[in-house]
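Raw contents of target-v3.cif, mmCIF, C-alpha atoms:
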data_coords
#
loop_
_atom_site.label_atom_id
_atom_site.label_comp_id
_atom_site.auth_asym_id
_atom_site.auth_seq_id
_atom_site.Cartn_x
_atom_site.Cartn_y
_atom_site.Cartn_z
CA MET A 205 22.29 -7.45 -18.94
CA LEU A 206 19.78 -8.58 -16.30
CA LYS A 207 20.51 -5.57 -14.09
CA THR A 208 20.18 -3.16 -17.02
CA GLN A 209 16.86 -4.67 -18.04
CA LEU A 210 15.43 -4.69 -14.54
CA ASP A 211 16.64 -1.16 -13.77
CA LYS A 212 14.60 0.05 -16.76
CA TYR A 213 11.49 -1.62 -15.36
CA ILE A 214 12.04 0.10 -12.01
CA GLU A 215 12.05 3.49 -13.76
CA MET A 216 8.84 2.55 -15.55
CA TYR A 217 6.87 1.14 -12.65
CA GLU A 218 8.11 2.63 -9.38
CA THR A 219 5.96 5.71 -9.88
CA LYS A 220 2.88 7.25 -8.29
CA ASP A 221 0.73 5.55 -10.94
CA PHE A 222 1.54 2.22 -9.25
CA ILE A 223 -0.25 3.29 -6.06
CA LYS A 224 -3.85 3.48 -7.23
CA ASP A 225 -4.29 -0.25 -7.91
CA ASP A 226 -2.10 -1.55 -5.07
CA PRO A 227 -2.82 -2.01 -1.35
CA VAL A 228 -0.06 0.55 -0.70
CA GLN A 229 -2.74 3.12 -1.55
CA PHE A 230 -4.05 2.92 2.01
CA ILE A 231 -0.90 4.33 3.60
CA HIS A 232 -0.90 7.20 1.12
CA ARG A 233 -4.21 8.45 2.49
CA TYR A 234 -2.53 9.69 5.65
CA SER A 235 0.23 12.09 6.62
CA ASN A 236 0.36 11.27 10.34
CA LYS A 237 2.98 8.62 11.03
CA ARG A 238 0.81 6.63 13.45
CA ASP A 239 -2.11 6.62 11.02
CA ILE A 240 0.24 5.34 8.31
CA GLU A 241 1.53 2.56 10.58
CA THR A 242 -1.92 1.46 11.71
CA ALA A 243 -3.45 1.62 8.23
CA GLY A 244 -0.50 -0.22 6.70
CA PHE A 245 -0.57 -2.97 9.31
CA ILE A 246 -4.28 -3.62 8.79
CA ALA A 247 -4.11 -3.29 5.00
CA SER A 248 -1.19 -5.73 4.71
CA MET A 249 -3.02 -8.40 6.72
CA PHE A 250 -5.98 -8.40 4.31
CA ALA A 251 -3.90 -8.07 1.13
CA TYR A 252 -4.38 -11.53 -0.34
CA GLY A 253 -6.77 -12.98 -2.89
CA LYS A 254 -8.33 -10.82 -5.61
CA ARG A 255 -7.21 -7.21 -5.35
CA GLU A 256 -10.58 -5.71 -6.14
CA VAL A 257 -12.17 -7.81 -3.40
CA PHE A 258 -9.75 -7.11 -0.56
CA ILE A 259 -9.46 -3.42 -1.50
CA GLU A 260 -13.24 -3.13 -1.28
CA LYS A 261 -13.16 -4.86 2.12
CA LEU A 262 -10.38 -2.57 3.37
CA ASN A 263 -12.28 0.52 2.21
CA TYR A 264 -15.22 -0.74 4.24
CA ILE A 265 -13.06 -1.35 7.33
CA PHE A 266 -11.42 2.09 7.19
CA ASN A 267 -14.82 3.71 6.72
CA LEU A 268 -15.90 2.02 9.96
CA MET A 269 -12.92 3.77 11.53
CA ASP A 270 -14.00 7.14 10.09
CA ASN A 271 -10.70 6.98 8.22
CA LYS A 272 -8.86 7.76 11.46
CA PRO A 273 -7.20 4.38 12.09
CA PHE A 274 -4.79 5.35 14.89
CA GLU A 275 -7.41 7.32 16.83
CA TYR A 276 -9.93 4.53 16.33
CA VAL A 277 -7.60 1.79 17.60
CA LYS A 278 -6.30 3.88 20.49
CA SER A 279 -9.85 4.33 21.79
CA PHE A 280 -11.06 0.86 20.75
CA ASN A 281 -13.50 -0.85 23.12
CA TYR A 282 -13.82 -4.52 22.25
CA LYS A 283 -16.99 -4.87 24.34
CA LYS A 284 -18.71 -2.11 22.40
CA ASN A 285 -17.48 -1.75 18.85
CA ASN A 286 -18.84 -1.41 15.33
CA ILE A 287 -16.80 -4.19 13.71
CA GLU A 288 -19.29 -6.24 11.71
CA ASN A 289 -19.42 -7.66 8.19
CA CYS A 290 -15.61 -7.65 8.16
CA ASP A 291 -15.35 -11.38 7.41
CA TYR A 292 -12.84 -12.00 4.62
CA ARG A 293 -12.06 -15.45 3.30
CA PHE A 294 -10.41 -17.29 6.23
CA SER A 295 -10.94 -14.61 8.88
CA LYS A 296 -14.02 -13.55 10.81
CA ASP A 297 -15.01 -10.40 12.66
CA CYS A 298 -13.75 -11.85 15.94
CA ASP A 299 -10.24 -12.23 14.50
CA LEU A 300 -10.02 -8.57 13.55
CA ILE A 301 -11.55 -7.55 16.89
CA GLN A 302 -8.86 -9.53 18.74
CA ILE A 303 -6.09 -7.87 16.71
CA LEU A 304 -7.54 -4.43 17.35
CA LYS A 305 -7.86 -5.23 21.05
CA ILE A 306 -4.19 -6.20 21.25
CA LEU A 307 -3.18 -3.09 19.30
CA ASN A 308 -5.25 -1.00 21.68
CA GLY A 309 -3.33 -2.52 24.59
CA LEU A 310 -0.04 -1.67 22.88
CA TYR A 311 -1.09 1.92 22.25
CA SER A 312 -2.48 2.26 25.79
CA GLU A 313 1.03 1.58 27.11
CA ASN A 314 2.32 4.54 25.06
CA GLU A 315 4.01 2.11 22.69
CA THR A 316 3.60 1.99 18.92
CA LEU A 317 3.91 -0.50 16.11
CA GLU A 318 7.28 1.08 15.37
CA SER A 319 8.52 0.50 18.92
CA LEU A 320 7.26 -3.10 18.86
CA PHE A 321 9.01 -3.89 15.58
CA LYS A 322 12.15 -1.97 16.60
CA TYR A 323 12.45 -3.79 19.93
CA SER A 324 12.00 -7.16 18.19
CA TYR A 325 14.57 -6.28 15.53
CA GLU A 326 17.18 -5.11 18.01
CA GLN A 327 17.01 -8.39 19.93
CA LYS A 328 18.54 -10.34 17.02
CA ASN A 329 19.34 -7.78 14.30
CA ASP A 330 17.49 -10.09 11.95
CA VAL A 331 14.32 -9.33 10.00
CA TRP A 332 12.89 -12.85 10.19
CA GLN A 333 13.42 -13.02 13.94
CA MET A 334 11.83 -9.59 14.21
CA PHE A 335 8.70 -10.96 12.55
CA GLN A 336 8.76 -13.83 15.05
CA GLY A 337 8.95 -11.41 17.95
CA VAL A 338 6.01 -9.40 16.64
CA THR A 339 3.79 -12.41 16.04
CA ASP A 340 4.75 -13.87 19.43
CA TYR A 341 3.61 -10.60 20.99
CA PHE A 342 0.17 -10.95 19.39
CA TYR A 343 -0.15 -14.71 19.92
CA SER A 344 0.67 -14.43 23.62
CA ARG A 345 -2.10 -11.87 24.14
CA VAL A 346 -5.02 -13.77 22.63
CA ASP A 347 -7.69 -13.69 25.31
CA MET A 348 -10.98 -14.18 23.48
CA PRO A 349 -12.46 -16.73 21.04
CA ILE A 350 -10.88 -16.54 17.60
CA THR A 351 -10.78 -18.69 14.47
CA LYS A 352 -7.88 -20.03 12.43
CA GLY A 353 -8.27 -16.87 10.36
CA PHE A 354 -6.45 -14.93 13.09
CA TYR A 355 -3.31 -16.95 12.34
CA HIS A 356 -3.76 -16.38 8.62
CA LEU A 357 -3.88 -12.63 9.14
CA LEU A 358 -0.75 -12.93 11.30
CA PRO A 359 1.18 -15.99 10.04
CA ASN A 360 3.81 -17.68 12.20
CA PRO A 361 7.39 -17.25 10.88
CA GLU A 362 8.29 -20.59 12.49
CA LYS A 363 6.34 -22.34 9.72
CA LYS A 364 8.81 -20.97 7.16
CA SER A 365 6.26 -19.66 4.69
CA ALA A 366 7.21 -16.72 2.48
CA LEU A 367 5.57 -14.12 4.79
CA LYS A 368 4.77 -12.12 1.66
CA ARG A 369 2.48 -9.62 3.38
CA MET A 370 4.86 -8.96 6.29
CA ASN A 371 7.74 -8.35 3.90
CA MET A 372 5.53 -6.10 1.79
CA LEU A 373 4.59 -4.10 4.89
CA LEU A 374 8.26 -3.67 5.78
CA ARG A 375 9.04 -2.50 2.24
CA TRP A 376 6.32 0.15 2.57
CA PHE A 377 7.70 1.43 5.88
CA VAL A 378 11.48 1.19 5.32
CA ARG A 379 12.10 2.14 1.69
CA LYS A 380 11.51 5.73 0.63
CA SER A 381 10.39 6.20 -2.94
CA PRO A 382 7.41 7.53 -4.92
CA VAL A 383 5.58 4.39 -3.73
CA ASP A 384 7.07 3.41 -0.36
CA LYS A 385 6.80 5.77 2.61
CA GLY A 386 10.13 5.21 4.38
CA ILE A 387 8.85 6.18 7.84
CA TRP A 388 11.03 3.67 9.74
CA THR A 389 14.80 4.11 9.84
CA PHE A 390 15.93 1.46 12.33
CA ILE A 391 16.24 -1.19 9.59
CA PRO A 392 18.58 -0.63 6.63
CA THR A 393 17.06 -1.23 3.20
CA SER A 394 19.83 -3.77 2.59
CA GLU A 395 18.17 -6.09 5.13
CA LEU A 396 14.74 -6.18 3.49
CA LEU A 397 13.44 -9.44 2.00
CA ILE A 398 11.48 -9.95 -1.19
CA PRO A 399 7.67 -10.08 -0.79
CA LEU A 400 7.26 -13.44 -2.51
CA ASP A 401 4.04 -14.74 -4.03
CA THR A 402 3.43 -17.27 -6.80
CA HIS A 403 3.65 -14.58 -9.49
CA VAL A 404 7.03 -13.25 -8.31
CA ALA A 405 8.28 -16.82 -7.89
CA LYS A 406 7.33 -17.69 -11.49
CA ILE A 407 9.09 -14.61 -12.86
CA SER A 408 12.15 -15.23 -10.69
CA ARG A 409 12.48 -18.76 -12.05
CA GLN A 410 12.25 -17.47 -15.61
CA LEU A 411 15.03 -14.96 -14.87
CA GLY A 412 17.20 -17.59 -13.18
CA ILE A 413 17.28 -15.90 -9.77
CA LEU A 414 15.27 -18.72 -8.19
CA THR A 415 16.12 -22.39 -8.61
CA ARG A 416 14.02 -23.89 -5.81
CA LYS A 417 10.62 -25.39 -6.58
CA ASP A 418 8.92 -24.28 -3.35
CA ASN A 419 7.73 -20.76 -2.57
CA GLY A 420 8.71 -20.62 1.10
CA TYR A 421 11.39 -19.14 3.33
CA GLU A 422 14.38 -20.63 1.48
CA SER A 423 13.12 -19.24 -1.82
CA VAL A 424 12.71 -15.79 -0.27
CA MET A 425 16.34 -15.96 0.84
CA GLU A 426 17.60 -17.21 -2.52
CA ILE A 427 15.86 -14.48 -4.53
CA THR A 428 16.88 -11.77 -2.06
CA SER A 429 20.49 -12.95 -2.13
CA ASN A 430 20.54 -12.71 -5.92
CA LEU A 431 18.91 -9.28 -5.88
CA ARG A 432 21.59 -8.08 -3.47
CA LYS A 433 24.13 -8.90 -6.16
CA LEU A 434 22.36 -6.35 -8.36
CA ASP A 435 22.11 -3.73 -5.59
CA SER A 436 23.52 -4.45 -2.16
CA ILE A 437 22.06 -1.28 -0.63
CA ASP A 438 18.46 -1.46 -1.88
CA PRO A 439 17.82 -4.93 -3.33
CA ILE A 440 14.05 -4.93 -2.84
CA LYS A 441 13.56 -2.06 -5.27
CA TYR A 442 13.60 -4.93 -7.76
CA ASP A 443 10.17 -5.94 -6.51
CA PHE A 444 8.91 -3.27 -8.91
CA ALA A 445 11.14 -4.59 -11.69
CA LEU A 446 9.77 -8.12 -11.30
CA PHE A 447 6.26 -6.68 -11.44
CA GLY A 448 7.16 -4.74 -14.57
CA TYR A 449 8.79 -7.75 -16.18
CA GLY A 450 5.64 -9.75 -15.58
CA VAL A 451 3.44 -7.06 -17.12
CA ASN A 452 5.64 -6.57 -20.19
CA ASN A 453 6.17 -10.28 -20.80
CA LYS A 454 2.63 -11.31 -19.86
CA VAL A 455 3.89 -13.75 -17.21
#
Write-out of the structure in structure tokens:
Amino acid sequence: MLKTQLDKYIEMYETKDFIKDDPVQFIHRYSNKRDIETAGFIASMFAYGKREVFIEKLNYIFNLMDNKPFEYVKSFNYKKNNIENCDYRFSKDCDLIQILKILNGLYSENETLESLFKYSYEQKNDVWQMFQGVTDYFYSRVDMPITKGFYHLLPNPEKKSALKRMNMLLRWFVRKSPVDKGIWTFIPTSELLIPLDTHVAKISRQLGILTRKDNGYESVMEITSNLRKLDSIDPIKYDFALFGYGVNNKV
């Protein structure tokens, strides 16, 4: 009965109408794969707090980039840049500048975000360890003054938080649907993990697919394990079902 109910919500909510109010909208502005990757990476980092606030901030940031994120980052000069008024909650301009500087270094070596994530994934064949490899890459290349906001934009998997925004980014890039782009093929959809926030956690407890009281790593694994029982190939499609359940039941 649970699968039948949730499958109906997927049909209702995994549509193009979902895009306009969600941070996924930023990757739908581009057709070039590298623009999609760069825009998605930046958008996911800022996707916390009130949606209308971070979406406004992201629009401002992408306007600074002339809405050409890959080209902008590839030619980024940290000594002479136009990044200002990009402070958002915990992070400051210097944190974004450092991230863009590291990305510029990656792109300057003819590497991409895809190659960085793919290399990290292939070391362990594990999504969580892939996230660790990616964050280690950025952490090890910090070479200018930053604030704690840098580590909020790029949280450390070792701390066993839910990594909601990283898992959301991976959903965008791995699944292919009316909402998700599916531009990366080196990770099977069966390995994706639920993008867990307090809202999804509350709904999951109501549905009985989460028994833990915390909203960290173990809860991500418990929910994902239960969703795999509903669909072992594409369990994270139920992210849309949990959203729909919350809307329809006013959770």
Quiz item: Exactly which residues make up the result of the PyMOL selection byres ((chain A and resi 348) around 10) on this file, given as a PyMOL selection string?
Solution: chain A and resi 298-299+301-302+305+345-347+349-350
Exercise. Evaluate the PyMOL selection byres ((chain A and resi 439-445) around 8) on the structure here and hand back the selected residues as a list in words.
Key: Leu210, Asp211, Lys212, Tyr213, Ile214, Tyr217, Glu218, Arg375, Thr393, Ser394, Leu396, Leu397, Ile398, Pro399, Thr428, Leu431, Arg432, Lys433, Leu434, Asp435, Ser436, Ile437, Asp438, Leu446, Phe447, Gly448 and Tyr449 of chain A
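CA of Asn308 (chain A) to CA of Lys278 (chain A) spans 5.1 Å [interatomic distance, one decimal].
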Quiz item: Hey, which of A:Leu400, A:Leu367, A:Met205, A:Leu268 ends up closest to Met249 (chain A)? Count all atoms listed in the file.
Solution: A:Leu367
Practice problem: Please provide as a PyMOL selection string all residues within 10 Å of region 240-247 of chain A, with the sequence filter that same-chain residues fewer than 3 positions apart are discarded (counting all atoms listed in the file). | Solution: chain A and resi 227-237+250-252+258-259+261-263+265-266+271-277+300+303-304+307+316-318+357+369-370+372-374+376-377+385+387-388
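Atom pair CA of Glu426 (chain A) / CA of Ser408 (chain A) has a distance of 10.0 Å (rounded to one decimal).
Between Met216 (chain A) and the candidates A:Pro359, A:Pro382, A:Thr402, A:Ser344, the tightest atom-to-atom separation, counting only C-alpha atoms, involves A:Pro382.
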Quiz item: From the set A:Val338, A:Ala405, A:Leu320, A:Val424, which residue has the shortest atom-to-atom contact distance to Asn371 (chain A), counting only C-alpha atoms?
Solution: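 Of A:Val338, A:Ala405, A:Leu320, A:Val424, the one nearest Asn371 (chain A), counting only C-alpha atoms, is A:Val424.
For the pair CA of Arg293 (chain A) and CA of Tyr264 (chain A), the separation is 15.1 Å.
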Quiz prompt | Distance criterion (only C-alpha atoms): nearest to Asp225 (chain A) out of A:Ser423, A:Glu315, A:Glu260, A:Asp239 | solution =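 Selected residue with least distance to Asp225 (chain A): A:Glu260.
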Exercise. Write out as a list of chain:residue names the residues lying within 9 Å of Leu358 (chain A), counting all atoms listed in the file and excluding same-chain residues fewer than 2 positions away.
Key: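 These residues fall inside the cut-off: A:Met249, A:Thr339, A:Phe342, A:Tyr343, A:Gly353, A:Phe354, A:Tyr355, A:His356, A:Asn360, A:Met370.
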Quiz item: With all atoms listed in the file as the basis for distance, which of A:Asn419, A:Thr351, A:Ser279, A:Gln333 is at the shortest distance from Lys406 (chain A)?
Solution: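 Closest residue, counting all atoms listed in the file: A:Asn419.
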Quiz prompt | Residue among A:Glu422, A:Lys352, A:Val257, A:Lys368 lying closest to Phe294 (chain A), counting all atoms listed in the file | solution =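 That would be A:Lys352, the residue with the smallest distance to Phe294 (chain A).
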